[in-house]
>>> print(open('model-v2.cif').read())   # mmCIF, C-alpha atoms and all ligand atoms
data_entry
loop_
_atom_site.group_PDB
_atom_site.id
_atom_site.type_symbol
_atom_site.label_atom_id
_atom_site.label_comp_id
_atom_site.auth_asym_id
_atom_site.auth_seq_id
_atom_site.Cartn_x
_atom_site.Cartn_y
_atom_site.Cartn_z
ATOM 1 C CA MET A 19 8.886 19.180 12.134
ATOM 2 C CA LEU A 20 12.272 19.692 13.756
ATOM 3 C CA ARG A 21 14.693 17.642 11.674
ATOM 4 C CA THR A 22 18.375 17.463 12.556
ATOM 5 C CA ALA A 23 21.101 15.382 10.939
ATOM 6 C CA ILE A 24 24.744 14.573 11.489
ATOM 7 C CA ILE A 25 26.681 13.603 8.353
ATOM 8 C CA THR A 26 30.131 12.187 9.061
ATOM 9 C CA GLY A 27 32.939 12.802 6.570
ATOM 10 C CA SER A 28 31.000 15.729 5.068
ATOM 11 C CA ALA A 29 33.792 18.265 4.541
ATOM 12 C CA ARG A 30 33.948 17.055 0.918
ATOM 13 C CA GLY A 31 32.706 14.469 -1.589
ATOM 14 C CA ILE A 32 29.515 12.473 -1.150
ATOM 15 C CA GLY A 33 28.995 13.606 2.466
ATOM 16 C CA LYS A 34 29.096 17.271 1.499
ATOM 17 C CA ALA A 35 26.557 16.701 -1.315
ATOM 18 C CA ILE A 36 24.257 14.852 1.116
ATOM 19 C CA ALA A 37 24.504 17.717 3.651
ATOM 20 C CA HIS A 38 23.534 20.285 0.994
ATOM 21 C CA ARG A 39 20.596 18.137 -0.141
ATOM 22 C CA LEU A 40 19.362 17.712 3.436
ATOM 23 C CA VAL A 41 19.393 21.465 4.030
ATOM 24 C CA THR A 42 17.295 22.067 0.898
ATOM 25 C CA HIS A 43 14.772 19.614 2.376
ATOM 26 C CA GLY A 44 14.558 21.561 5.639
ATOM 27 C CA TYR A 45 17.092 19.789 7.839
ATOM 28 C CA SER A 46 19.571 21.514 10.121
ATOM 29 C CA VAL A 47 22.893 19.734 9.802
ATOM 30 C CA CYS A 48 26.083 19.036 11.672
ATOM 31 C CA ILE A 49 29.093 18.854 9.339
ATOM 32 C CA ASN A 50 31.622 16.387 10.748
ATOM 33 C CA ASP A 51 35.033 15.314 9.527
ATOM 34 C CA ILE A 52 38.460 14.514 10.962
ATOM 35 C CA PRO A 53 40.058 17.272 13.078
ATOM 36 C CA SER A 54 42.721 18.028 10.407
ATOM 37 C CA ALA A 55 39.889 18.979 7.998
ATOM 38 C CA LYS A 56 38.606 21.753 10.274
ATOM 39 C CA ASN A 57 39.052 24.508 7.652
ATOM 40 C CA ASP A 58 37.078 22.502 5.091
ATOM 41 C CA ILE A 59 34.368 21.852 7.714
ATOM 42 C CA SER A 60 34.101 25.612 8.413
ATOM 43 C CA ALA A 61 33.912 26.366 4.691
ATOM 44 C CA VAL A 62 30.925 23.986 4.230
ATOM 45 C CA VAL A 63 29.194 25.398 7.339
ATOM 46 C CA ASP A 64 29.668 28.997 6.105
ATOM 47 C CA GLU A 65 28.439 28.080 2.611
ATOM 48 C CA ILE A 66 25.213 26.601 4.023
ATOM 49 C CA ASN A 67 24.552 29.354 6.580
ATOM 50 C CA SER A 68 25.040 32.110 4.020
ATOM 51 C CA GLU A 69 22.816 30.387 1.443
ATOM 52 C CA TYR A 70 19.956 29.216 3.692
ATOM 53 C CA ARG A 71 18.292 31.338 6.368
ATOM 54 C CA SER A 72 17.098 29.805 9.616
ATOM 55 C CA SER A 73 13.443 30.301 10.582
ATOM 56 C CA ASN A 74 14.324 30.168 14.280
ATOM 57 C CA SER A 75 17.339 30.920 16.462
ATOM 58 C CA ARG A 76 19.082 27.664 15.517
ATOM 59 C CA PRO A 77 21.742 27.806 12.773
ATOM 60 C CA ARG A 78 21.085 25.652 9.691
ATOM 61 C CA ALA A 79 24.601 24.224 9.979
ATOM 62 C CA ILE A 80 27.197 23.718 12.668
ATOM 63 C CA GLY A 81 30.596 22.028 12.369
ATOM 64 C CA ILE A 82 32.098 19.521 14.804
ATOM 65 C CA PRO A 83 35.418 17.800 14.032
ATOM 66 C CA ALA A 84 35.652 14.261 15.424
ATOM 67 C CA ASP A 85 37.293 10.981 14.449
ATOM 68 C CA VAL A 86 34.541 8.380 13.998
ATOM 69 C CA ALA A 87 36.965 5.614 14.984
ATOM 70 C CA SER A 88 36.783 6.920 18.579
ATOM 71 C CA SER A 89 33.678 5.890 20.510
ATOM 72 C CA THR A 90 33.977 8.754 23.021
ATOM 73 C CA SER A 91 34.438 11.328 20.226
ATOM 74 C CA VAL A 92 31.295 10.088 18.454
ATOM 75 C CA GLU A 93 29.355 10.180 21.737
ATOM 76 C CA SER A 94 30.394 13.843 22.269
ATOM 77 C CA LEU A 95 29.634 14.695 18.618
ATOM 78 C CA ILE A 96 26.078 13.439 19.037
ATOM 79 C CA GLN A 97 25.488 15.067 22.429
ATOM 80 C CA GLU A 98 26.803 18.449 21.274
ATOM 81 C CA THR A 99 24.700 18.337 18.096
ATOM 82 C CA ALA A 100 21.542 17.441 20.031
ATOM 83 C CA GLN A 101 22.177 20.287 22.499
ATOM 84 C CA LYS A 102 22.869 22.909 19.815
ATOM 85 C CA ILE A 103 20.421 22.051 17.001
ATOM 86 C CA GLY A 104 18.630 18.873 18.122
ATOM 87 C CA PRO A 105 16.788 16.614 18.786
ATOM 88 C CA LEU A 106 18.737 14.242 16.519
ATOM 89 C CA THR A 107 16.433 12.689 13.910
ATOM 90 C CA LEU A 108 18.975 11.405 11.342
ATOM 91 C CA MET A 109 22.507 10.012 11.519
ATOM 92 C CA VAL A 110 24.384 9.495 8.234
ATOM 93 C CA ALA A 111 27.516 7.393 8.895
ATOM 94 C CA ASN A 112 29.205 8.380 5.640
ATOM 95 C CA ALA A 113 32.916 8.648 6.579
ATOM 96 C CA GLY A 114 35.095 6.011 4.961
ATOM 97 C CA VAL A 115 38.608 5.300 3.720
ATOM 98 C CA THR A 116 39.913 2.973 1.036
ATOM 99 C CA GLN A 117 42.966 0.881 0.231
ATOM 100 C CA ILE A 118 44.167 -0.583 -3.080
ATOM 101 C CA LYS A 119 46.416 -3.584 -2.503
ATOM 102 C CA PRO A 120 46.521 -7.300 -3.311
ATOM 103 C CA LEU A 121 45.247 -9.279 -0.309
ATOM 104 C CA LEU A 122 48.498 -11.253 -0.079
ATOM 105 C CA LYS A 123 50.352 -7.990 0.633
ATOM 106 C CA VAL A 124 47.955 -6.490 3.185
ATOM 107 C CA THR A 125 49.379 -6.063 6.712
ATOM 108 C CA GLU A 126 47.588 -6.519 10.037
ATOM 109 C CA ALA A 127 48.041 -2.811 10.838
ATOM 110 C CA GLU A 128 46.391 -1.848 7.521
ATOM 111 C CA ILE A 129 43.395 -4.080 8.296
ATOM 112 C CA ASP A 130 43.048 -2.460 11.737
ATOM 113 C CA ASN A 131 43.270 1.050 10.274
ATOM 114 C CA LEU A 132 40.694 0.484 7.560
ATOM 115 C CA LEU A 133 38.211 -1.403 9.749
ATOM 116 C CA SER A 134 38.556 1.178 12.544
ATOM 117 C CA VAL A 135 36.909 3.745 10.237
ATOM 118 C CA ASN A 136 34.743 1.724 7.816
ATOM 119 C CA PHE A 137 33.378 -0.777 10.339
ATOM 120 C CA LYS A 138 34.002 0.451 13.907
ATOM 121 C CA GLY A 139 33.328 4.056 12.850
ATOM 122 C CA VAL A 140 29.943 3.045 11.431
ATOM 123 C CA PHE A 141 29.251 0.919 14.531
ATOM 124 C CA ASN A 142 30.051 3.900 16.795
ATOM 125 C CA CYS A 143 27.758 6.207 14.807
ATOM 126 C CA TYR A 144 24.927 3.654 14.571
ATOM 127 C CA THR A 145 24.896 2.673 18.246
ATOM 128 C CA HIS A 146 25.470 6.100 19.844
ATOM 129 C CA ALA A 147 22.832 7.631 17.542
ATOM 130 C CA ALA A 148 20.384 4.858 18.484
ATOM 131 C CA ARG A 149 20.994 5.479 22.214
ATOM 132 C CA GLN A 150 20.406 9.223 21.730
ATOM 133 C CA MET A 151 17.188 8.618 19.759
ATOM 134 C CA ILE A 152 15.840 6.135 22.297
ATOM 135 C CA ALA A 153 16.601 8.615 25.110
ATOM 136 C CA GLN A 154 14.716 11.374 23.224
ATOM 137 C CA GLY A 155 11.567 9.212 23.295
ATOM 138 C CA ASP A 156 8.773 8.902 20.732
ATOM 139 C CA PRO A 157 9.877 10.627 17.486
ATOM 140 C CA LYS A 158 6.458 12.239 16.932
ATOM 141 C CA THR A 159 6.470 13.839 20.370
ATOM 142 C CA ALA A 160 10.163 14.782 20.324
ATOM 143 C CA ALA A 161 10.476 16.071 16.753
ATOM 144 C CA GLY A 162 7.180 15.689 14.881
ATOM 145 C CA VAL A 163 8.452 12.857 12.669
ATOM 146 C CA GLU A 164 7.119 9.292 12.341
ATOM 147 C CA THR A 165 10.530 7.574 12.497
ATOM 148 C CA TYR A 166 14.101 8.366 13.447
ATOM 149 C CA LYS A 167 16.566 7.348 10.716
ATOM 150 C CA ILE A 168 20.067 5.887 10.735
ATOM 151 C CA ILE A 169 21.875 5.501 7.393
ATOM 152 C CA GLY A 170 25.337 4.104 6.607
ATOM 153 C CA ALA A 171 27.744 4.079 3.657
ATOM 154 C CA ALA A 172 28.243 0.678 2.035
ATOM 155 C CA SER A 173 29.342 0.243 -1.604
ATOM 156 C CA ILE A 174 28.700 -1.938 -4.651
ATOM 157 C CA VAL A 175 31.858 -3.794 -3.586
ATOM 158 C CA GLY A 176 29.834 -4.839 -0.526
ATOM 159 C CA PHE A 177 27.745 -6.919 -2.993
ATOM 160 C CA ARG A 178 30.453 -8.013 -5.415
ATOM 161 C CA ALA A 179 34.126 -7.684 -4.488
ATOM 162 C CA PHE A 180 36.564 -5.933 -6.813
ATOM 163 C CA PRO A 181 40.125 -7.295 -7.056
ATOM 164 C CA LEU A 182 42.717 -5.168 -5.200
ATOM 165 C CA LEU A 183 39.977 -3.668 -3.033
ATOM 166 C CA GLY A 184 39.650 -6.773 -0.833
ATOM 167 C CA ILE A 185 39.741 -5.311 2.691
ATOM 168 C CA TYR A 186 37.649 -2.328 1.599
ATOM 169 C CA SER A 187 35.106 -4.732 0.022
ATOM 170 C CA ALA A 188 34.996 -6.805 3.220
ATOM 171 C CA SER A 189 34.413 -3.669 5.312
ATOM 172 C CA LYS A 190 31.424 -2.720 3.153
ATOM 173 C CA TRP A 191 29.908 -6.251 3.427
ATOM 174 C CA ALA A 192 30.232 -5.726 7.178
ATOM 175 C CA VAL A 193 28.235 -2.489 6.952
ATOM 176 C CA ARG A 194 25.402 -4.392 5.241
ATOM 177 C CA GLY A 195 25.364 -6.988 8.017
ATOM 178 C CA LEU A 196 25.421 -4.369 10.743
ATOM 179 C CA THR A 197 22.605 -2.472 9.032
ATOM 180 C CA GLN A 198 20.378 -5.565 8.955
ATOM 181 C CA ALA A 199 21.144 -6.515 12.566
ATOM 182 C CA LEU A 200 20.589 -3.060 14.057
ATOM 183 C CA ALA A 201 17.378 -2.608 12.045
ATOM 184 C CA LEU A 202 16.059 -5.844 13.590
ATOM 185 C CA GLU A 203 17.053 -4.817 17.118
ATOM 186 C CA ILE A 204 15.738 -1.237 17.244
ATOM 187 C CA ALA A 205 12.620 -1.271 15.040
ATOM 188 C CA PRO A 206 10.369 -1.229 18.161
ATOM 189 C CA HIS A 207 11.794 2.231 18.995
ATOM 190 C CA LYS A 208 10.550 3.585 15.621
ATOM 191 C CA ILE A 209 14.095 3.841 14.255
ATOM 192 C CA THR A 210 14.828 2.686 10.691
ATOM 193 C CA VAL A 211 18.334 1.620 9.656
ATOM 194 C CA ASN A 212 19.387 1.516 5.997
ATOM 195 C CA ALA A 213 22.563 1.820 3.924
ATOM 196 C CA TYR A 214 23.474 3.136 0.479
ATOM 197 C CA ALA A 215 25.818 1.438 -1.966
ATOM 198 C CA PRO A 216 27.311 3.856 -4.490
ATOM 199 C CA GLY A 217 29.235 2.709 -7.580
ATOM 200 C CA ILE A 218 31.999 4.706 -9.234
ATOM 201 C CA VAL A 219 31.689 8.238 -7.868
ATOM 202 C CA GLY A 220 34.107 10.938 -9.041
ATOM 203 C CA THR A 221 35.504 12.077 -5.670
ATOM 204 C CA SER A 222 38.938 12.254 -3.987
ATOM 205 C CA MET A 223 38.412 8.612 -2.991
ATOM 206 C CA TRP A 224 38.240 7.546 -6.645
ATOM 207 C CA ASP A 225 41.300 9.699 -7.443
ATOM 208 C CA LYS A 226 43.139 7.467 -4.967
ATOM 209 C CA ILE A 227 41.637 4.242 -6.394
ATOM 210 C CA ASP A 228 42.425 5.377 -9.961
ATOM 211 C CA GLU A 229 46.037 6.074 -9.003
ATOM 212 C CA GLY A 230 46.387 2.755 -7.129
ATOM 213 C CA LEU A 231 44.769 0.581 -9.805
ATOM 214 C CA GLY A 232 46.623 2.409 -12.577
ATOM 215 C CA GLY A 233 49.947 1.847 -10.805
ATOM 216 C CA LEU A 234 49.307 -1.862 -10.195
ATOM 217 C CA GLU A 235 47.684 -2.652 -13.546
ATOM 218 C CA GLY A 236 49.743 -0.359 -15.805
ATOM 219 C CA ARG A 237 47.150 2.267 -16.778
ATOM 220 C CA ALA A 238 47.653 6.021 -17.132
ATOM 221 C CA LYS A 239 46.002 8.549 -14.809
ATOM 222 C CA GLY A 240 42.221 8.707 -15.297
ATOM 223 C CA GLU A 241 42.022 5.486 -17.335
ATOM 224 C CA SER A 242 40.878 3.222 -14.487
ATOM 225 C CA LEU A 243 38.076 5.645 -13.568
ATOM 226 C CA LYS A 244 36.994 5.676 -17.239
ATOM 227 C CA LEU A 245 37.261 1.886 -17.584
ATOM 228 C CA TYR A 246 35.184 1.171 -14.476
ATOM 229 C CA SER A 247 32.649 3.949 -15.252
ATOM 230 C CA GLU A 248 32.022 2.376 -18.665
ATOM 231 C CA LYS A 249 30.750 -0.737 -16.860
ATOM 232 C CA ALA A 250 27.697 1.290 -15.767
ATOM 233 C CA MET A 251 24.616 0.658 -17.942
ATOM 234 C CA LEU A 252 23.938 4.379 -17.901
ATOM 235 C CA GLY A 253 27.449 4.941 -19.229
ATOM 236 C CA ARG A 254 28.974 7.628 -17.048
ATOM 237 C CA THR A 255 30.858 8.263 -13.833
ATOM 238 C CA SER A 256 28.495 8.877 -10.920
ATOM 239 C CA GLU A 257 28.365 12.342 -9.299
ATOM 240 C CA PRO A 258 28.081 12.886 -5.522
ATOM 241 C CA GLU A 259 24.683 14.475 -6.274
ATOM 242 C CA ASP A 260 23.391 11.121 -7.624
ATOM 243 C CA VAL A 261 24.032 9.597 -4.195
ATOM 244 C CA ALA A 262 22.669 12.675 -2.419
ATOM 245 C CA GLY A 263 19.367 12.179 -4.275
ATOM 246 C CA LEU A 264 18.920 8.714 -2.762
ATOM 247 C CA VAL A 265 20.203 9.555 0.721
ATOM 248 C CA GLY A 266 19.290 13.219 1.285
ATOM 249 C CA GLY A 267 16.192 12.902 -0.896
ATOM 250 C CA PHE A 268 14.457 9.541 -0.465
ATOM 251 C CA LEU A 269 16.069 7.838 2.559
ATOM 252 C CA ALA A 270 15.959 10.985 4.723
ATOM 253 C CA SER A 271 12.335 11.779 3.805
ATOM 254 C CA PRO A 272 9.017 10.500 5.169
ATOM 255 C CA ASP A 273 8.694 8.516 1.885
ATOM 256 C CA SER A 274 11.144 5.973 3.343
ATOM 257 C CA ASP A 275 9.353 5.585 6.706
ATOM 258 C CA PHE A 276 8.400 1.958 5.879
ATOM 259 C CA VAL A 277 11.860 0.939 4.575
ATOM 260 C CA THR A 278 14.330 -0.664 6.960
ATOM 261 C CA GLY A 279 17.254 -3.115 6.981
ATOM 262 C CA GLN A 280 18.044 -2.439 3.298
ATOM 263 C CA THR A 281 21.222 -1.542 1.436
ATOM 264 C CA MET A 282 20.232 0.352 -1.708
ATOM 265 C CA VAL A 283 22.461 0.382 -4.763
ATOM 266 C CA ILE A 284 22.900 3.708 -6.586
ATOM 267 C CA ASP A 285 25.432 3.035 -9.347
ATOM 268 C CA GLY A 286 23.872 3.653 -12.782
ATOM 269 C CA GLY A 287 23.714 -0.110 -13.342
ATOM 270 C CA VAL A 288 27.141 -1.600 -12.573
ATOM 271 C CA VAL A 289 26.020 -4.328 -10.174
ATOM 272 C CA LEU A 290 22.602 -6.021 -10.253
ATOM 273 C CA THR A 291 21.562 -7.447 -6.869
HETATM 274 P P1 LIG B 301 36.088 11.112 0.187
HETATM 275 O O1 LIG B 301 37.422 10.514 0.481
HETATM 276 O O2 LIG B 301 35.981 12.165 -0.855
HETATM 277 O O3 LIG B 301 35.419 11.691 1.525
HETATM 278 C C1 LIG B 301 35.422 10.946 2.722
HETATM 279 C C2 LIG B 301 35.482 11.914 3.890
HETATM 280 O O4 LIG B 301 35.513 11.127 5.090
HETATM 281 C C3 LIG B 301 36.754 12.782 3.865
HETATM 282 O O5 LIG B 301 36.411 14.148 4.013
HETATM 283 C C4 LIG B 301 37.552 12.243 5.037
HETATM 284 O O6 LIG B 301 38.388 13.224 5.675
HETATM 285 C C5 LIG B 301 36.451 11.736 5.982
HETATM 286 N N1 LIG B 301 36.948 10.786 6.959
HETATM 287 C C6 LIG B 301 37.855 9.780 6.761
HETATM 288 N N2 LIG B 301 38.124 9.156 7.918
HETATM 289 C C7 LIG B 301 37.376 9.766 8.868
HETATM 290 C C8 LIG B 301 37.239 9.566 10.270
HETATM 291 N N3 LIG B 301 37.946 8.640 10.911
HETATM 292 N N4 LIG B 301 36.380 10.375 10.952
HETATM 293 C C9 LIG B 301 35.670 11.330 10.310
HETATM 294 N N5 LIG B 301 35.772 11.569 8.982
HETATM 295 C C10 LIG B 301 36.624 10.784 8.274
HETATM 296 O O7 LIG B 301 35.148 9.874 -0.156
HETATM 297 P P2 LIG B 301 33.691 9.803 -0.821
HETATM 298 O O8 LIG B 301 33.868 9.282 -2.192
HETATM 299 O O9 LIG B 301 32.943 11.067 -0.591
HETATM 300 O O10 LIG B 301 33.063 8.600 0.042
HETATM 301 C C11 LIG B 301 32.073 8.762 1.053
HETATM 302 C C12 LIG B 301 31.586 7.389 1.490
HETATM 303 O O11 LIG B 301 31.028 6.700 0.352
HETATM 304 C C13 LIG B 301 32.705 6.470 2.016
HETATM 305 O O12 LIG B 301 32.224 5.680 3.072
HETATM 306 C C14 LIG B 301 33.037 5.598 0.823
HETATM 307 O O13 LIG B 301 33.608 4.375 1.207
HETATM 308 C C15 LIG B 301 31.670 5.442 0.198
HETATM 309 N N6 LIG B 301 31.725 5.089 -1.226
HETATM 310 C C16 LIG B 301 32.370 5.886 -2.139
HETATM 311 C C17 LIG B 301 32.419 5.486 -3.481
HETATM 312 C C18 LIG B 301 33.128 6.292 -4.541
HETATM 313 O O14 LIG B 301 33.166 5.830 -5.689
HETATM 314 N N7 LIG B 301 33.665 7.468 -4.265
HETATM 315 C C19 LIG B 301 31.793 4.301 -3.875
HETATM 316 C C20 LIG B 301 31.147 3.519 -2.914
HETATM 317 C C21 LIG B 301 31.119 3.922 -1.599
#
>>> encode(input="model-v2.cif", output="structure tokens")
Amino acid sequence: MLRTAIITGSARGIGKAIAHRLVTHGYSVCINDIPSAKNDISAVVDEINSEYRSSNSRPRAIGIPADVASSTSVESLIQETAQKIGPLTLMVANAGVTQIKPLLKVTEAEIDNLLSVNFKGVFNCYTHAARQMIAQGDPKTAAGVETYKIIGAASIVGFRAFPLLGIYSASKWAVRGLTQALALEIAPHKITVNAYAPGIVGTSMWDKIDEGLGGLEGRAKGESLKLYSEKAMLGRTSEPEDVAGLVGGFLASPDSDFVTGQTMVIDGGVVLT
């Protein structure tokens, strides 16, 4: 088996945890993030290559900065990865941004900015990865796997909107729709398409949400994260590793070969679907 993954937005947070999990399961990985995060990308690549030895001449990790909002950048990201450590067997469209604002105050430019990453960025990753996989041919012949896999980042707010996260919520509903539609269109090529919907994960993104909600609703630093985490049946804030278990563990493994078109919630019991 020759398994290779790209994880976008993996210089930190959930993406970084997924990349680490994938490497422990035998994948070689491409760490991607925005060009201004190039030092963080290199740090993750070095961490992985010093911890895990390669059994062949390919490195276990490479780093390629690229903005997922740009179609041509995503196309180059995929081609370079396939040339250096490929064939590409898994794309994880994880990169995302958030915004905390009442809908009546949101500007057109803010909608464009958020959707360019959370929707168009996922679209770019999904479609260019699918083209690459189709061009590689049968997954068994090309890489010794039964199915190629494409996975995207949704959210629990893609099932039930949260106030003040309106545009972000809408972008994550869009990811669910795109995931269903692409799964239907490319199943004959032995490509599965699924998404993951985390809850309240303690990352830089939630630092921003905590600050925004606290400012608008009059709570001190850390209180919004605590308040929302307490809504989870399992009673704690989620860790990036919880999400990595679903994505880098189950969804990236042969155990998910017969799963497609789904968005799976991993939130400790905040939202029941
Ligand atoms: P994070 O902010 O810690 O990390 C996101 C990474 O994506 C950052 O390193 C950032 O630089 C990168 N990124 C942003 N725009 C990019 C672009 N245009 N091109 C390439 N990279 C870009 O966030 P996180 O909490 O790790 O979230 C990861 C994903 O999970 C996101 O899609 C997010 O919406 C989703 N999610 C997070 C939570 C949560 O509670 N943290 C909950 C549900 C869903």
>>> residues_around(input="model-v2.cif", residues="A:Ser247", least_positions_apart="3", cutoff="9 Å", atoms="all atoms listed in the file", output="list in words")
Gly217, Ile218, Val219, Ser242, Leu243, Lys244, Ala250, Gly253, Arg254, Thr255, Ser256 and Val288 of chain A
>>> residues_near_ligand(input="model-v2.cif", ligand="ligand LIG 301 (chain B)", cutoff="7 Å", atoms="only C-alpha atoms and all ligand atoms", output="PDB file with C-alpha atoms, in the coordinates of the input")
ATOM      1  CA  THR A  26      30.131  12.187   9.061  1.00  0.00           C
ATOM      2  CA  GLY A  27      32.939  12.802   6.570  1.00  0.00           C
ATOM      3  CA  SER A  28      31.000  15.729   5.068  1.00  0.00           C
ATOM      4  CA  ALA A  29      33.792  18.265   4.541  1.00  0.00           C
ATOM      5  CA  ARG A  30      33.948  17.055   0.918  1.00  0.00           C
ATOM      6  CA  GLY A  31      32.706  14.469  -1.589  1.00  0.00           C
ATOM      7  CA  ILE A  32      29.515  12.473  -1.150  1.00  0.00           C
ATOM      8  CA  GLY A  33      28.995  13.606   2.466  1.00  0.00           C
ATOM      9  CA  ASN A  50      31.622  16.387  10.748  1.00  0.00           C
ATOM     10  CA  ASP A  51      35.033  15.314   9.527  1.00  0.00           C
ATOM     11  CA  ILE A  52      38.460  14.514  10.962  1.00  0.00           C
ATOM     12  CA  ALA A  55      39.889  18.979   7.998  1.00  0.00           C
ATOM     13  CA  ALA A  84      35.652  14.261  15.424  1.00  0.00           C
ATOM     14  CA  ASP A  85      37.293  10.981  14.449  1.00  0.00           C
ATOM     15  CA  VAL A  86      34.541   8.380  13.998  1.00  0.00           C
ATOM     16  CA  ALA A  87      36.965   5.614  14.984  1.00  0.00           C
ATOM     17  CA  ASN A 112      29.205   8.380   5.640  1.00  0.00           C
ATOM     18  CA  ALA A 113      32.916   8.648   6.579  1.00  0.00           C
ATOM     19  CA  GLY A 114      35.095   6.011   4.961  1.00  0.00           C
ATOM     20  CA  VAL A 115      38.608   5.300   3.720  1.00  0.00           C
ATOM     21  CA  THR A 116      39.913   2.973   1.036  1.00  0.00           C
ATOM     22  CA  VAL A 135      36.909   3.745  10.237  1.00  0.00           C
ATOM     23  CA  ASN A 136      34.743   1.724   7.816  1.00  0.00           C
ATOM     24  CA  GLY A 139      33.328   4.056  12.850  1.00  0.00           C
ATOM     25  CA  ALA A 171      27.744   4.079   3.657  1.00  0.00           C
ATOM     26  CA  ALA A 172      28.243   0.678   2.035  1.00  0.00           C
ATOM     27  CA  SER A 173      29.342   0.243  -1.604  1.00  0.00           C
ATOM     28  CA  ILE A 174      28.700  -1.938  -4.651  1.00  0.00           C
ATOM     29  CA  ALA A 215      25.818   1.438  -1.966  1.00  0.00           C
ATOM     30  CA  PRO A 216      27.311   3.856  -4.490  1.00  0.00           C
ATOM     31  CA  GLY A 217      29.235   2.709  -7.580  1.00  0.00           C
ATOM     32  CA  ILE A 218      31.999   4.706  -9.234  1.00  0.00           C
ATOM     33  CA  VAL A 219      31.689   8.238  -7.868  1.00  0.00           C
ATOM     34  CA  GLY A 220      34.107  10.938  -9.041  1.00  0.00           C
ATOM     35  CA  THR A 221      35.504  12.077  -5.670  1.00  0.00           C
ATOM     36  CA  SER A 222      38.938  12.254  -3.987  1.00  0.00           C
ATOM     37  CA  MET A 223      38.412   8.612  -2.991  1.00  0.00           C
ATOM     38  CA  TRP A 224      38.240   7.546  -6.645  1.00  0.00           C
TER      39      TRP A 224
END
>>> residues_around(input="model-v2.cif", residues="A:Leu183", least_positions_apart="3", cutoff="12 Å", atoms="all atoms listed in the file", output="ChimeraX atom specification")
/A:115-124,129,132,173-176,178-180,186-190,224,226-228,230-231,234
>>> closest_residue(input="model-v2.cif", among="A:Thr278, A:Arg237, A:Lys158, A:Phe177", to="A:Ala213", atoms="only C-alpha atoms")
A:Thr278
>>> axis_aligned_box(input="model-v2.cif", around="stretch 215-224 of chain A", padding_each_side="6 Å", output="AutoDock Vina command-line options")
--center_x 32.4 --center_y 6.8 --center_z -5.6 --size_x 25.1 --size_y 22.8 --size_z 19.3
>>> residues_around(input="model-v2.cif", residues="A:Gly287", least_positions_apart="5", cutoff="8 Å", atoms="only C-alpha atoms", output="tab-separated table (two decimals) with C-alpha atoms, keeping the file's coordinate frame")
chain	number	residue	atom	x	y	z
A	249	LYS	CA	30.75	-0.74	-16.86
A	250	ALA	CA	27.70	1.29	-15.77
A	251	MET	CA	24.62	0.66	-17.94
A	252	LEU	CA	23.94	4.38	-17.90
>>> atom_distance(input="model-v2.cif", atom1="atom CA of A:Glu241", atom2="atom CA of A:Thr125")
27.7 Å
>>> residues_around(input="model-v2.cif", residues="A:Gly104", least_positions_apart="4", cutoff="7 Å", atoms="only C-alpha atoms", output="ChimeraX atom specification")
/A:22,99-100
>>> residues_around(input="model-v2.cif", residues="A:Lys34", least_positions_apart="5", cutoff="12 Å", atoms="all atoms listed in the file", output="CSV table (one decimal) with C-alpha atoms, in the coordinates of the input")
chain,number,residue,atom,x,y,z
A,24,ILE,CA,24.7,14.6,11.5
A,25,ILE,CA,26.7,13.6,8.4
A,26,THR,CA,30.1,12.2,9.1
A,27,GLY,CA,32.9,12.8,6.6
A,28,SER,CA,31.0,15.7,5.1
A,29,ALA,CA,33.8,18.3,4.5
A,39,ARG,CA,20.6,18.1,-0.1
A,40,LEU,CA,19.4,17.7,3.4
A,41,VAL,CA,19.4,21.5,4.0
A,47,VAL,CA,22.9,19.7,9.8
A,48,CYS,CA,26.1,19.0,11.7
A,49,ILE,CA,29.1,18.9,9.3
A,50,ASN,CA,31.6,16.4,10.7
A,51,ASP,CA,35.0,15.3,9.5
A,58,ASP,CA,37.1,22.5,5.1
A,59,ILE,CA,34.4,21.9,7.7
A,60,SER,CA,34.1,25.6,8.4
A,61,ALA,CA,33.9,26.4,4.7
A,62,VAL,CA,30.9,24.0,4.2
A,63,VAL,CA,29.2,25.4,7.3
A,65,GLU,CA,28.4,28.1,2.6
A,66,ILE,CA,25.2,26.6,4.0
A,79,ALA,CA,24.6,24.2,10.0
A,81,GLY,CA,30.6,22.0,12.4
A,110,VAL,CA,24.4,9.5,8.2
A,112,ASN,CA,29.2,8.4,5.6
A,113,ALA,CA,32.9,8.6,6.6
A,221,THR,CA,35.5,12.1,-5.7
A,257,GLU,CA,28.4,12.3,-9.3
A,258,PRO,CA,28.1,12.9,-5.5
A,259,GLU,CA,24.7,14.5,-6.3
A,261,VAL,CA,24.0,9.6,-4.2
A,262,ALA,CA,22.7,12.7,-2.4
A,265,VAL,CA,20.2,9.6,0.7
A,266,GLY,CA,19.3,13.2,1.3
>>> atom_distance(input="model-v2.cif", atom1="atom CA of A:Lys138", atom2="atom CA of A:Val289")
25.8 Å
>>> closest_residue(input="model-v2.cif", among="A:His146, A:Lys167, A:Arg194, A:Arg71", to="A:Arg21", atoms="all atoms listed in the file")
A:Lys167
>>> atom_distance(input="model-v2.cif", atom1="atom CA of A:Gly279", atom2="atom CA of A:Asn212")
5.2 Å
